[in-house]
>>> print(open('final_35.cif').read())   # mmCIF, C-alpha atoms and all ligand atoms
data_my_file
loop_
_atom_site.label_atom_id
_atom_site.label_comp_id
_atom_site.auth_asym_id
_atom_site.auth_seq_id
_atom_site.Cartn_x
_atom_site.Cartn_y
_atom_site.Cartn_z
CA MET J 539 0.00 0.00 0.00
CA SER J 540 1.43 3.35 -0.94
CA LYS J 541 1.93 5.86 1.81
CA PHE J 542 -0.58 8.12 0.06
CA SER J 543 -3.18 5.54 -0.99
CA GLU J 544 -6.71 6.11 0.26
CA GLN J 545 -7.61 2.44 -0.29
CA PRO J 546 -6.20 -0.06 2.26
CA SER J 547 -5.90 -3.75 1.43
CA GLN J 548 -8.36 -6.10 3.16
CA ASP J 549 -5.57 -7.51 5.36
CA ALA J 550 -4.73 -4.07 6.59
CA ALA J 551 -8.36 -3.22 7.37
CA ASP J 552 -8.10 -3.82 11.12
CA ASP J 553 -5.25 -1.42 11.54
CA HIS J 554 -6.56 0.99 8.99
CA VAL J 555 -8.66 3.28 11.16
CA HIS J 556 -5.71 4.01 13.40
CA GLU J 557 -3.17 4.22 10.57
CA ALA J 558 -5.38 6.35 8.41
CA ALA J 559 -5.81 8.90 11.15
CA MET J 560 -2.01 9.26 11.29
CA ARG J 561 -1.38 9.44 7.53
CA PRO J 562 -1.42 12.63 5.49
CA LEU J 563 -4.42 12.77 3.15
CA ALA J 564 -3.52 11.66 -0.38
CA PRO J 565 -3.83 14.32 -3.08
CA GLY J 566 -7.10 14.16 -5.02
CA LEU J 567 -10.75 15.07 -5.14
CA TYR J 568 -12.99 13.72 -2.35
CA LEU J 569 -16.77 13.59 -2.81
CA VAL J 570 -17.87 13.52 0.81
CA ALA J 571 -21.37 12.54 1.95
CA THR J 572 -22.79 14.65 4.77
CA PRO J 573 -25.87 14.08 7.00
CA ILE J 574 -29.40 14.46 5.60
CA GLY J 575 -30.77 15.57 8.96
CA ASN J 576 -29.16 13.81 11.89
CA LEU J 577 -25.69 15.29 12.41
CA GLU J 578 -24.40 11.95 13.71
CA ASP J 579 -24.76 10.43 10.25
CA ILE J 580 -21.24 11.14 9.10
CA THR J 581 -18.35 8.70 8.99
CA LEU J 582 -15.04 8.96 10.81
CA ARG J 583 -13.34 8.98 7.42
CA ALA J 584 -15.52 11.83 6.17
CA LEU J 585 -14.56 13.89 9.23
CA ARG J 586 -10.87 13.10 8.72
CA VAL J 587 -11.06 14.07 5.04
CA LEU J 588 -12.90 17.32 5.81
CA LYS J 589 -10.36 18.12 8.53
CA SER J 590 -7.31 17.34 6.38
CA ALA J 591 -8.38 18.75 2.99
CA ASP J 592 -6.81 21.99 1.77
CA ARG J 593 -10.25 23.33 0.95
CA ILE J 594 -13.88 22.24 1.04
CA ALA J 595 -16.03 23.17 -1.96
CA CYS J 596 -19.58 23.62 -0.61
CA GLU J 597 -22.94 24.07 -2.24
CA ASP J 598 -23.76 26.65 0.45
CA THR J 599 -20.86 27.69 2.67
CA ARG J 600 -23.16 28.87 5.50
CA GLN J 601 -24.97 25.53 5.61
CA THR J 602 -21.71 23.54 5.65
CA GLN J 603 -20.20 25.84 8.26
CA LYS J 604 -22.82 24.61 10.76
CA LEU J 605 -21.61 21.04 10.27
CA LEU J 606 -17.95 22.09 10.44
CA ASN J 607 -18.55 24.07 13.62
CA TYR J 608 -20.35 21.12 15.21
CA TYR J 609 -17.30 18.93 14.59
CA GLY J 610 -14.69 21.65 15.28
CA ILE J 611 -13.34 21.58 11.71
CA THR J 612 -11.57 24.75 10.60
CA THR J 613 -10.77 23.92 6.94
CA LEU J 614 -11.35 26.82 4.52
CA THR J 615 -14.50 26.63 2.40
CA VAL J 616 -15.25 27.85 -1.10
CA SER J 617 -18.68 27.99 -2.72
CA MET J 618 -19.52 25.67 -5.62
CA HIS J 619 -23.17 25.56 -6.65
CA GLU J 620 -25.10 24.80 -9.82
CA HIS J 621 -24.55 28.34 -11.16
CA ASN J 622 -20.75 28.47 -10.77
CA GLU J 623 -19.70 24.81 -10.86
CA ALA J 624 -18.20 25.04 -14.37
CA GLU J 625 -15.95 28.03 -13.67
CA ARG J 626 -15.11 26.86 -10.13
CA ALA J 627 -14.14 23.46 -11.55
CA VAL J 628 -11.42 25.09 -13.67
CA GLN J 629 -9.83 26.69 -10.57
CA LEU J 630 -10.19 23.57 -8.43
CA VAL J 631 -8.77 21.25 -11.09
CA ASP J 632 -5.75 23.56 -11.34
CA ALA J 633 -5.23 23.18 -7.60
CA LEU J 634 -5.74 19.42 -7.86
CA LYS J 635 -3.17 19.13 -10.67
CA ASN J 636 -0.68 20.79 -8.32
CA GLY J 637 -1.21 18.07 -5.72
CA GLY J 638 -4.14 19.68 -3.91
CA ARG J 639 -6.61 17.81 -1.69
CA ILE J 640 -10.11 19.13 -2.30
CA ALA J 641 -13.25 17.89 -0.56
CA VAL J 642 -16.67 18.49 -2.10
CA VAL J 643 -19.88 18.53 -0.07
CA SER J 644 -23.45 19.48 -0.85
CA ASP J 645 -26.00 20.82 1.62
CA ALA J 646 -26.98 17.25 2.51
CA GLY J 647 -26.29 13.70 1.40
CA MET J 648 -24.13 12.64 -1.52
CA PRO J 649 -22.69 15.37 -3.71
CA GLY J 650 -23.54 14.70 -7.36
CA ILE J 651 -26.92 13.14 -6.55
CA SER J 652 -29.44 15.85 -7.51
CA ASP J 653 -26.70 18.18 -6.30
CA PRO J 654 -23.49 19.77 -7.64
CA GLY J 655 -20.33 17.68 -7.83
CA THR J 656 -20.58 15.67 -11.04
CA HIS J 657 -19.10 18.30 -13.32
CA LEU J 658 -16.07 18.75 -11.07
CA ALA J 659 -15.59 14.96 -10.78
CA GLN J 660 -15.66 14.68 -14.58
CA ALA J 661 -13.19 17.55 -14.97
CA ALA J 662 -10.85 15.99 -12.39
CA ILE J 663 -11.00 12.59 -14.11
CA ALA J 664 -10.28 14.22 -17.47
CA ALA J 665 -7.25 15.91 -15.90
CA GLY J 666 -5.97 12.57 -14.57
CA VAL J 667 -6.57 13.49 -10.93
CA PRO J 668 -7.63 10.72 -8.47
CA VAL J 669 -11.30 10.98 -7.46
CA TYR J 670 -12.52 9.34 -4.25
CA SER J 671 -16.03 8.86 -2.95
CA VAL J 672 -16.41 9.05 0.82
CA PRO J 673 -19.69 7.20 1.50
CA GLY J 674 -22.50 8.21 3.79
CA ALA J 675 -26.10 9.39 3.94
CA ASN J 676 -28.29 9.57 0.84
CA ALA J 677 -32.03 10.23 0.98
CA ALA J 678 -32.99 7.97 -1.94
CA LEU J 679 -31.23 4.85 -0.68
CA ASN J 680 -32.27 5.32 2.93
CA ALA J 681 -35.90 5.74 1.86
CA LEU J 682 -35.67 2.72 -0.43
CA VAL J 683 -34.31 0.25 2.10
CA ALA J 684 -36.93 1.14 4.71
CA SER J 685 -39.82 1.45 2.25
CA GLY J 686 -40.68 -2.24 2.11
CA LEU J 687 -40.82 -2.01 -1.70
CA ASP J 688 -38.61 -4.04 -4.00
CA THR J 689 -34.96 -3.11 -3.57
CA GLN J 690 -33.70 -5.57 -6.18
CA ARG J 691 -34.59 -3.37 -9.13
CA PHE J 692 -35.02 0.36 -8.71
CA LEU J 693 -34.74 3.44 -10.85
CA PHE J 694 -33.59 6.73 -9.35
CA GLU J 695 -35.16 9.62 -11.24
CA GLY J 696 -34.45 12.48 -8.82
CA PHE J 697 -36.68 15.53 -9.28
CA LEU J 698 -39.41 15.47 -11.94
CA PRO J 699 -39.94 18.64 -13.97
CA ALA J 700 -41.77 21.26 -11.88
CA LYS J 701 -44.24 22.20 -14.64
CA MET J 702 -47.43 20.17 -14.62
CA ASN J 703 -47.47 19.11 -18.28
CA ALA J 704 -43.79 18.24 -18.40
CA ARG J 705 -44.10 16.25 -15.17
CA LEU J 706 -46.94 14.10 -16.46
CA THR J 707 -45.16 13.61 -19.79
CA ARG J 708 -42.04 12.44 -17.97
CA LEU J 709 -44.01 9.96 -15.86
CA GLN J 710 -45.75 8.65 -18.98
CA ALA J 711 -42.39 8.25 -20.71
CA LEU J 712 -41.01 6.35 -17.70
CA HIS J 713 -44.08 4.11 -17.68
CA ALA J 714 -43.76 3.40 -21.40
CA SER J 715 -40.04 2.64 -21.04
CA LEU J 716 -40.44 -0.05 -18.37
CA THR J 717 -40.18 -3.66 -19.39
CA GLU J 718 -40.35 -5.10 -15.86
CA PRO J 719 -41.77 -3.91 -12.53
CA LEU J 720 -39.38 -1.86 -10.43
CA THR J 721 -39.32 0.71 -7.65
CA LEU J 722 -39.19 4.24 -9.00
CA VAL J 723 -37.46 6.64 -6.61
CA LEU J 724 -38.21 10.37 -6.84
CA TYR J 725 -37.37 13.51 -4.90
CA GLU J 726 -40.30 15.88 -4.50
CA ALA J 727 -41.07 19.20 -2.84
CA PRO J 728 -43.86 19.32 -0.25
CA HIS J 729 -45.85 21.98 -2.15
CA ARG J 730 -45.98 19.80 -5.27
CA ILE J 731 -46.53 16.36 -3.76
CA VAL J 732 -50.34 16.29 -4.04
CA GLU J 733 -50.23 17.26 -7.74
CA THR J 734 -47.48 14.74 -8.38
CA LEU J 735 -49.53 11.98 -6.74
CA ALA J 736 -52.45 12.89 -9.02
CA ASP J 737 -50.09 12.41 -11.97
CA VAL J 738 -48.87 9.09 -10.57
CA ALA J 739 -52.52 7.99 -10.30
CA ALA J 740 -53.10 9.12 -13.87
CA VAL J 741 -50.24 6.96 -15.11
CA TRP J 742 -50.23 3.90 -12.83
CA GLY J 743 -53.74 4.03 -11.42
CA ALA J 744 -55.07 5.14 -8.04
CA GLY J 745 -54.43 1.64 -6.63
CA CYS J 746 -50.68 1.71 -7.32
CA ARG J 747 -48.63 1.08 -4.16
CA ILE J 748 -46.39 3.92 -3.06
CA VAL J 749 -44.34 5.00 -0.06
CA LEU J 750 -43.71 8.59 0.93
CA ALA J 751 -40.63 8.90 3.15
CA ARG J 752 -40.60 12.24 4.99
CA GLU J 753 -37.95 13.90 7.11
CA LEU J 754 -35.59 10.93 7.13
CA THR J 755 -33.23 10.76 10.12
CA LYS J 756 -34.97 13.79 11.68
CA LEU J 757 -37.28 14.21 14.66
CA HIS J 758 -40.47 13.93 12.60
CA GLU J 759 -39.37 11.10 10.31
CA GLU J 760 -42.35 9.19 8.92
CA PHE J 761 -43.22 6.69 6.23
CA LEU J 762 -46.66 6.87 4.61
CA ARG J 763 -47.32 3.53 2.93
CA GLY J 764 -50.38 2.58 0.87
CA THR J 765 -52.04 3.12 -2.48
CA VAL J 766 -51.76 6.49 -4.21
CA ASP J 767 -55.36 7.17 -3.18
CA GLU J 768 -54.74 6.32 0.46
CA VAL J 769 -51.55 8.37 0.80
CA SER J 770 -53.11 11.34 -1.09
CA GLY J 771 -56.08 11.13 1.28
CA GLN J 772 -53.81 11.22 4.33
CA LEU J 773 -51.93 14.25 2.98
CA ARG J 774 -55.15 16.13 2.16
CA GLU J 775 -56.28 15.78 5.76
CA ARG J 776 -53.25 17.79 6.93
CA ASP J 777 -53.31 21.56 7.40
CA ARG J 778 -49.88 21.85 5.89
CA ILE J 779 -47.65 19.40 4.11
CA ARG J 780 -44.06 20.03 5.09
CA GLY J 781 -40.64 18.54 5.17
CA GLU J 782 -38.25 16.91 2.78
CA MET J 783 -39.58 13.85 1.03
CA VAL J 784 -38.75 10.89 -1.16
CA LEU J 785 -41.54 9.30 -3.18
CA LEU J 786 -41.22 5.60 -4.04
CA ILE J 787 -43.55 4.01 -6.56
CA GLU J 788 -44.13 0.32 -7.23
CA ALA J 789 -44.01 0.98 -10.95
CA GLN J 790 -45.51 -1.61 -13.28
CA PRO J 791 -44.71 -1.62 -16.99
CA ALA J 792 -47.47 -0.84 -19.48
CA SER J 793 -49.10 -4.17 -20.34
CA PRO J 794 -48.73 -5.02 -24.04
CA ASP J 795 -52.28 -6.32 -24.53
CA ASN J 796 -53.91 -3.02 -23.57
CA ALA J 797 -51.31 -0.68 -24.95
CA HIS J 798 -54.01 1.38 -26.63
CA LEU J 799 -55.41 2.03 -23.14
CA ARG J 800 -52.09 2.95 -21.54
CA SER J 801 -53.64 5.97 -19.91
CA PRO J 802 -55.42 4.96 -16.69
CA LEU J 803 -57.61 8.06 -17.27
CA LEU J 804 -58.98 6.55 -20.47
CA GLU J 805 -59.47 3.25 -18.69
CA ARG J 806 -61.42 4.91 -15.88
CA ILE J 807 -63.57 6.88 -18.32
CA ALA J 808 -64.37 3.69 -20.23
CA GLU J 809 -65.24 1.97 -16.95
CA LEU J 810 -67.61 4.76 -15.84
CA GLU J 811 -69.25 4.89 -19.25
CA LYS J 812 -69.86 1.17 -19.07
CA THR J 813 -70.85 0.73 -15.44
CA GLU J 814 -72.56 4.05 -14.69
CA GLY J 815 -73.75 4.95 -18.17
CA LEU J 816 -71.99 8.32 -17.89
CA LYS J 817 -71.15 10.50 -20.88
CA GLU J 818 -67.45 11.31 -21.33
CA MET J 819 -67.71 14.84 -19.85
CA ASP J 820 -69.67 13.56 -16.85
CA ALA J 821 -67.13 10.81 -16.35
CA LEU J 822 -64.39 13.48 -16.39
CA LYS J 823 -66.22 15.49 -13.70
CA HIS J 824 -66.61 12.33 -11.63
CA ILE J 825 -62.89 11.48 -11.90
CA ALA J 826 -61.89 15.09 -11.12
CA ARG J 827 -63.83 14.75 -7.84
CA GLU J 828 -62.25 11.33 -7.17
CA ARG J 829 -58.74 12.63 -7.65
CA GLY J 830 -59.27 16.06 -6.12
CA VAL J 831 -58.00 17.86 -9.24
CA SER J 832 -59.67 20.40 -11.52
CA LYS J 833 -61.70 19.40 -14.60
CA SER J 834 -59.49 21.49 -16.87
CA GLU J 835 -56.39 19.69 -15.59
CA LEU J 836 -58.01 16.35 -16.40
CA TYR J 837 -59.16 17.64 -19.77
CA ARG J 838 -55.57 18.50 -20.70
CA GLU J 839 -54.53 15.01 -19.62
CA LEU J 840 -57.33 13.53 -21.73
CA GLN J 841 -56.18 15.49 -24.78
CA ARG J 842 -52.66 14.14 -24.31
CA SER J 843 -53.91 10.58 -23.86
CA SER J 844 -56.03 10.64 -27.02
CA ARG J 845 -53.47 9.66 -29.61
CA PRO J 846 -53.90 8.56 -33.23
CA GLY J 847 -54.53 4.83 -33.14
CA GLY J 848 -55.78 5.14 -29.57
CA ARG J 849 -59.19 6.29 -28.49
CA SER J 850 -60.24 9.76 -29.63
CA SER J 851 -61.92 12.06 -27.18
CA GLY J 852 -65.21 13.62 -28.14
CA ALA J 853 -65.21 15.78 -25.01
CA LYS J 854 -65.57 19.53 -25.46
CA ARG J 855 -63.30 21.81 -23.39
CA PRO J 856 -64.91 22.48 -20.02
N1 LIG C 901 -27.72 14.87 -2.48
C1 LIG C 901 -28.87 14.57 -1.69
C2 LIG C 901 -28.90 13.07 -1.39
O1 LIG C 901 -27.88 12.41 -1.50
O2 LIG C 901 -29.96 12.57 -1.00
C3 LIG C 901 -30.15 15.03 -2.33
C4 LIG C 901 -30.20 16.50 -2.56
S1 LIG C 901 -31.67 17.07 -3.29
C5 LIG C 901 -31.22 18.73 -3.68
C6 LIG C 901 -32.73 17.35 -1.93
C7 LIG C 901 -33.92 16.41 -1.92
O3 LIG C 901 -33.55 15.16 -1.36
C8 LIG C 901 -35.05 16.91 -1.06
O4 LIG C 901 -35.88 17.83 -1.75
C9 LIG C 901 -35.78 15.63 -0.75
O5 LIG C 901 -36.57 15.23 -1.84
C10 LIG C 901 -34.59 14.65 -0.59
N2 LIG C 901 -34.16 14.66 0.82
C11 LIG C 901 -33.06 15.21 1.34
N3 LIG C 901 -33.00 14.99 2.67
C12 LIG C 901 -34.10 14.29 2.99
C13 LIG C 901 -34.64 13.79 4.20
N4 LIG C 901 -34.00 13.97 5.35
N5 LIG C 901 -35.81 13.11 4.17
C14 LIG C 901 -36.46 12.91 3.00
N6 LIG C 901 -36.00 13.38 1.83
C15 LIG C 901 -34.85 14.07 1.82
#
>>> encode(input="final_35.cif", output="structure tokens")
Amino acid sequence: MSKFSEQPSQDAADDHVHEAAMRPLAPGLYLVATPIGNLEDITLRALRVLKSADRIACEDTRQTQKLLNYYGITTLTVSMHEHNEAERAVQLVDALKNGGRIAVVSDAGMPGISDPGTHLAQAAIAAGVPVYSVPGANAALNALVASGLDTQRFLFEGFLPAKMNARLTRLQALHASLTEPLTLVLYEAPHRIVETLADVAAVWGAGCRIVLARELTKLHEEFLRGTVDEVSGQLRERDRIRGEMVLLIEAQPASPDNAHLRSPLLERIAELEKTEGLKEMDALKHIARERGVSKSELYRELQRSSRPGGRSSGAKRP
């Protein structure tokens, strides 16, 4: 093992914690995971790296300073966020090429996962600089393992587009792309979660199983488990929906024998027409009430679902 290597051999593992603490930090770029709520969720190695690095590139220096203060770390910080990552990367790679040791952290969790860090890692690799990941907390994986949903196959999508139409289109594209069931893992903001769940119901049906993991590792951590309808119902009963959240969806692929009815909205309309004898517009009103969304929102969804070769909508704009 080289004096400067960050990777000990398995045989040396027992002695490594002690040895590592004594060794100077090897030159290179360190992507360091930080807590997603509970300040204890940081590894001994992460603390050593943050302490020994020449500089810490932070998404928000004030946010990181709280963590550094808590652990008595005095390393200098420099800001690196989505708006300056490209130019900052040039400066930091210069320092790295001269043997620098740079740590990168985001506000919480793994840098590079729905956070800055990837561009700098790519630039460092292109410059031939060693890049190390220092593992730790990540909201998606922590939500997944405790969700009770399938962990064997999962797809991390991060944030969906914020705009309503683009969000639904993205979910429809994901649905159409699946060939096997898997757990879809999304980050979502509390003020959008109810709308997003309506879109999930539109794509996978109101009976699709989901888990909403809120405030992981924090005082008010909770897991809401159930169908989309059940979880939406629970959220609607609250005065305010708050906190950070991960949404996990038991996502089924579109079934090939009813591909022309891929939209659950069209399926539900057809069902209401058949069982209740409703006209299309009345069925739309009924479904809007069921889902707690506006008729015009549903109408837009209906227009998007009515494709050539599929069913055409005779509904007039409400
Ligand atoms: N890099 C981070 C990671 O590794 O998880 C994710 C950063 S992303 C900008 C922030 C989003 O992650 C939040 O909006 C929320 O969806 C999710 N998140 C972060 N912390 C969380 C927590 N404690 N509980 C639930 N979700 C969390």
>>> residues_around(input="final_35.cif", residues="region 579-596 of chain J", least_positions_apart="6", cutoff="6 Å", atoms="only C-alpha atoms", output="list in words")
Thr572, Pro573, Ile611, Leu614, Thr615, Val616, Ser617, Met618, Arg639, Ile640, Ala641, Val642, Val643 and Ser644 of chain J
>>> residues_around(input="final_35.cif", residues="Asp737 (chain J)", least_positions_apart="2", cutoff="9 Å", atoms="only C-alpha atoms", output="list in words")
Met702, Arg705, Leu706, Leu709, Val732, Glu733, Thr734, Leu735, Ala739, Ala740, Val741 and Trp742 of chain J
>>> closest_atom_pairs(input="final_35.cif", of="chain J", to="ligand LIG 901 (chain C)", cutoff="7 Å", atoms="all atoms listed in the file", output="JSON lines")
{"residue": "J:Ile574", "atom": "CA", "partner": "C:LIG901", "partner_atom": "N4", "distance": 4.6}
{"residue": "J:Gly575", "atom": "CA", "partner": "C:LIG901", "partner_atom": "N4", "distance": 5.1}
{"residue": "J:Ser644", "atom": "CA", "partner": "C:LIG901", "partner_atom": "N1", "distance": 6.5}
{"residue": "J:Ala646", "atom": "CA", "partner": "C:LIG901", "partner_atom": "C1", "distance": 5.3}
{"residue": "J:Gly647", "atom": "CA", "partner": "C:LIG901", "partner_atom": "O1", "distance": 3.5}
{"residue": "J:Met648", "atom": "CA", "partner": "C:LIG901", "partner_atom": "O1", "distance": 3.8}
{"residue": "J:Pro649", "atom": "CA", "partner": "C:LIG901", "partner_atom": "N1", "distance": 5.2}
{"residue": "J:Gly650", "atom": "CA", "partner": "C:LIG901", "partner_atom": "N1", "distance": 6.4}
{"residue": "J:Ile651", "atom": "CA", "partner": "C:LIG901", "partner_atom": "N1", "distance": 4.5}
{"residue": "J:Ser652", "atom": "CA", "partner": "C:LIG901", "partner_atom": "S1", "distance": 4.9}
{"residue": "J:Asp653", "atom": "CA", "partner": "C:LIG901", "partner_atom": "N1", "distance": 5.2}
{"residue": "J:Ala675", "atom": "CA", "partner": "C:LIG901", "partner_atom": "O1", "distance": 6.5}
{"residue": "J:Asn676", "atom": "CA", "partner": "C:LIG901", "partner_atom": "O1", "distance": 3.7}
{"residue": "J:Ala677", "atom": "CA", "partner": "C:LIG901", "partner_atom": "O2", "distance": 3.7}
{"residue": "J:Ala678", "atom": "CA", "partner": "C:LIG901", "partner_atom": "O2", "distance": 5.6}
{"residue": "J:Tyr725", "atom": "CA", "partner": "C:LIG901", "partner_atom": "O5", "distance": 3.6}
{"residue": "J:Glu726", "atom": "CA", "partner": "C:LIG901", "partner_atom": "O5", "distance": 4.6}
{"residue": "J:Ala727", "atom": "CA", "partner": "C:LIG901", "partner_atom": "O4", "distance": 5.5}
{"residue": "J:Ala751", "atom": "CA", "partner": "C:LIG901", "partner_atom": "C14", "distance": 5.8}
{"residue": "J:Arg752", "atom": "CA", "partner": "C:LIG901", "partner_atom": "C14", "distance": 4.6}
{"residue": "J:Glu753", "atom": "CA", "partner": "C:LIG901", "partner_atom": "N5", "distance": 3.7}
{"residue": "J:Leu754", "atom": "CA", "partner": "C:LIG901", "partner_atom": "N5", "distance": 3.7}
{"residue": "J:Thr755", "atom": "CA", "partner": "C:LIG901", "partner_atom": "N4", "distance": 5.8}
{"residue": "J:Lys756", "atom": "CA", "partner": "C:LIG901", "partner_atom": "N4", "distance": 6.4}
{"residue": "J:Glu782", "atom": "CA", "partner": "C:LIG901", "partner_atom": "N6", "distance": 4.3}
{"residue": "J:Met783", "atom": "CA", "partner": "C:LIG901", "partner_atom": "N6", "distance": 3.7}
{"residue": "J:Val784", "atom": "CA", "partner": "C:LIG901", "partner_atom": "N6", "distance": 4.8}
>>> write_last_selection(input="final_35.cif", atoms="C-alpha atoms", output="tab-separated table (two decimals), in the coordinates of the input")
chain	number	residue	atom	x	y	z
J	574	ILE	CA	-29.40	14.46	5.60
J	575	GLY	CA	-30.77	15.57	8.96
J	644	SER	CA	-23.45	19.48	-0.85
J	646	ALA	CA	-26.98	17.25	2.51
J	647	GLY	CA	-26.29	13.70	1.40
J	648	MET	CA	-24.13	12.64	-1.52
J	649	PRO	CA	-22.69	15.37	-3.71
J	650	GLY	CA	-23.54	14.70	-7.36
J	651	ILE	CA	-26.92	13.14	-6.55
J	652	SER	CA	-29.44	15.85	-7.51
J	653	ASP	CA	-26.70	18.18	-6.30
J	675	ALA	CA	-26.10	9.39	3.94
J	676	ASN	CA	-28.29	9.57	0.84
J	677	ALA	CA	-32.03	10.23	0.98
J	678	ALA	CA	-32.99	7.97	-1.94
J	725	TYR	CA	-37.37	13.51	-4.90
J	726	GLU	CA	-40.30	15.88	-4.50
J	727	ALA	CA	-41.07	19.20	-2.84
J	751	ALA	CA	-40.63	8.90	3.15
J	752	ARG	CA	-40.60	12.24	4.99
J	753	GLU	CA	-37.95	13.90	7.11
J	754	LEU	CA	-35.59	10.93	7.13
J	755	THR	CA	-33.23	10.76	10.12
J	756	LYS	CA	-34.97	13.79	11.68
J	782	GLU	CA	-38.25	16.91	2.78
J	783	MET	CA	-39.58	13.85	1.03
J	784	VAL	CA	-38.75	10.89	-1.16
>>> residues_around(input="final_35.cif", residues="Gly830 (chain J)", least_positions_apart="2", cutoff="12 Å", atoms="all atoms listed in the file", output="mmCIF file with C-alpha atoms, in the frame of the given file")
data_model
loop_
_atom_site.group_PDB
_atom_site.id
_atom_site.type_symbol
_atom_site.label_atom_id
_atom_site.label_comp_id
_atom_site.auth_asym_id
_atom_site.auth_seq_id
_atom_site.Cartn_x
_atom_site.Cartn_y
_atom_site.Cartn_z
ATOM 1 C CA VAL J 732 -50.340 16.290 -4.040
ATOM 2 C CA GLU J 733 -50.230 17.260 -7.740
ATOM 3 C CA LEU J 735 -49.530 11.980 -6.740
ATOM 4 C CA ALA J 736 -52.450 12.890 -9.020
ATOM 5 C CA ASP J 737 -50.090 12.410 -11.970
ATOM 6 C CA ALA J 739 -52.520 7.990 -10.300
ATOM 7 C CA ALA J 744 -55.070 5.140 -8.040
ATOM 8 C CA ASP J 767 -55.360 7.170 -3.180
ATOM 9 C CA SER J 770 -53.110 11.340 -1.090
ATOM 10 C CA GLY J 771 -56.080 11.130 1.280
ATOM 11 C CA LEU J 773 -51.930 14.250 2.980
ATOM 12 C CA ARG J 774 -55.150 16.130 2.160
ATOM 13 C CA LEU J 822 -64.390 13.480 -16.390
ATOM 14 C CA LYS J 823 -66.220 15.490 -13.700
ATOM 15 C CA HIS J 824 -66.610 12.330 -11.630
ATOM 16 C CA ILE J 825 -62.890 11.480 -11.900
ATOM 17 C CA ALA J 826 -61.890 15.090 -11.120
ATOM 18 C CA ARG J 827 -63.830 14.750 -7.840
ATOM 19 C CA GLU J 828 -62.250 11.330 -7.170
ATOM 20 C CA SER J 832 -59.670 20.400 -11.520
ATOM 21 C CA LYS J 833 -61.700 19.400 -14.600
ATOM 22 C CA GLU J 835 -56.390 19.690 -15.590
ATOM 23 C CA LEU J 836 -58.010 16.350 -16.400
#
>>> atom_distance(input="final_35.cif", atom1="CA of Leu722 (chain J)", atom2="CA of Phe694 (chain J)")
6.1 Å
>>> atom_distance(input="final_35.cif", atom1="CA of Met819 (chain J)", atom2="CA of Ala704 (chain J)")
24.2 Å
>>> closest_residue(input="final_35.cif", among="J:Arg708, J:His758, J:Arg838, J:Lys701", to="Leu724 (chain J)", atoms="all atoms listed in the file")
J:Arg708
>>> decode(input="final_35.cif", residues="region 569-586 of chain J", atoms="C-alpha atoms", output="CSV table (one decimal), in the first residue's frame")
chain,number,residue,atom,x,y,z
J,569,LEU,CA,-16.8,13.6,-2.8
J,570,VAL,CA,-17.9,13.5,0.8
J,571,ALA,CA,-21.4,12.5,2.0
J,572,THR,CA,-22.8,14.7,4.8
J,573,PRO,CA,-25.9,14.1,7.0
J,574,ILE,CA,-29.4,14.5,5.6
J,575,GLY,CA,-30.8,15.6,9.0
J,576,ASN,CA,-29.2,13.8,11.9
J,577,LEU,CA,-25.7,15.3,12.4
J,578,GLU,CA,-24.4,12.0,13.7
J,579,ASP,CA,-24.8,10.4,10.2
J,580,ILE,CA,-21.2,11.1,9.1
J,581,THR,CA,-18.3,8.7,9.0
J,582,LEU,CA,-15.0,9.0,10.8
J,583,ARG,CA,-13.3,9.0,7.4
J,584,ALA,CA,-15.5,11.8,6.2
J,585,LEU,CA,-14.6,13.9,9.2
J,586,ARG,CA,-10.9,13.1,8.7
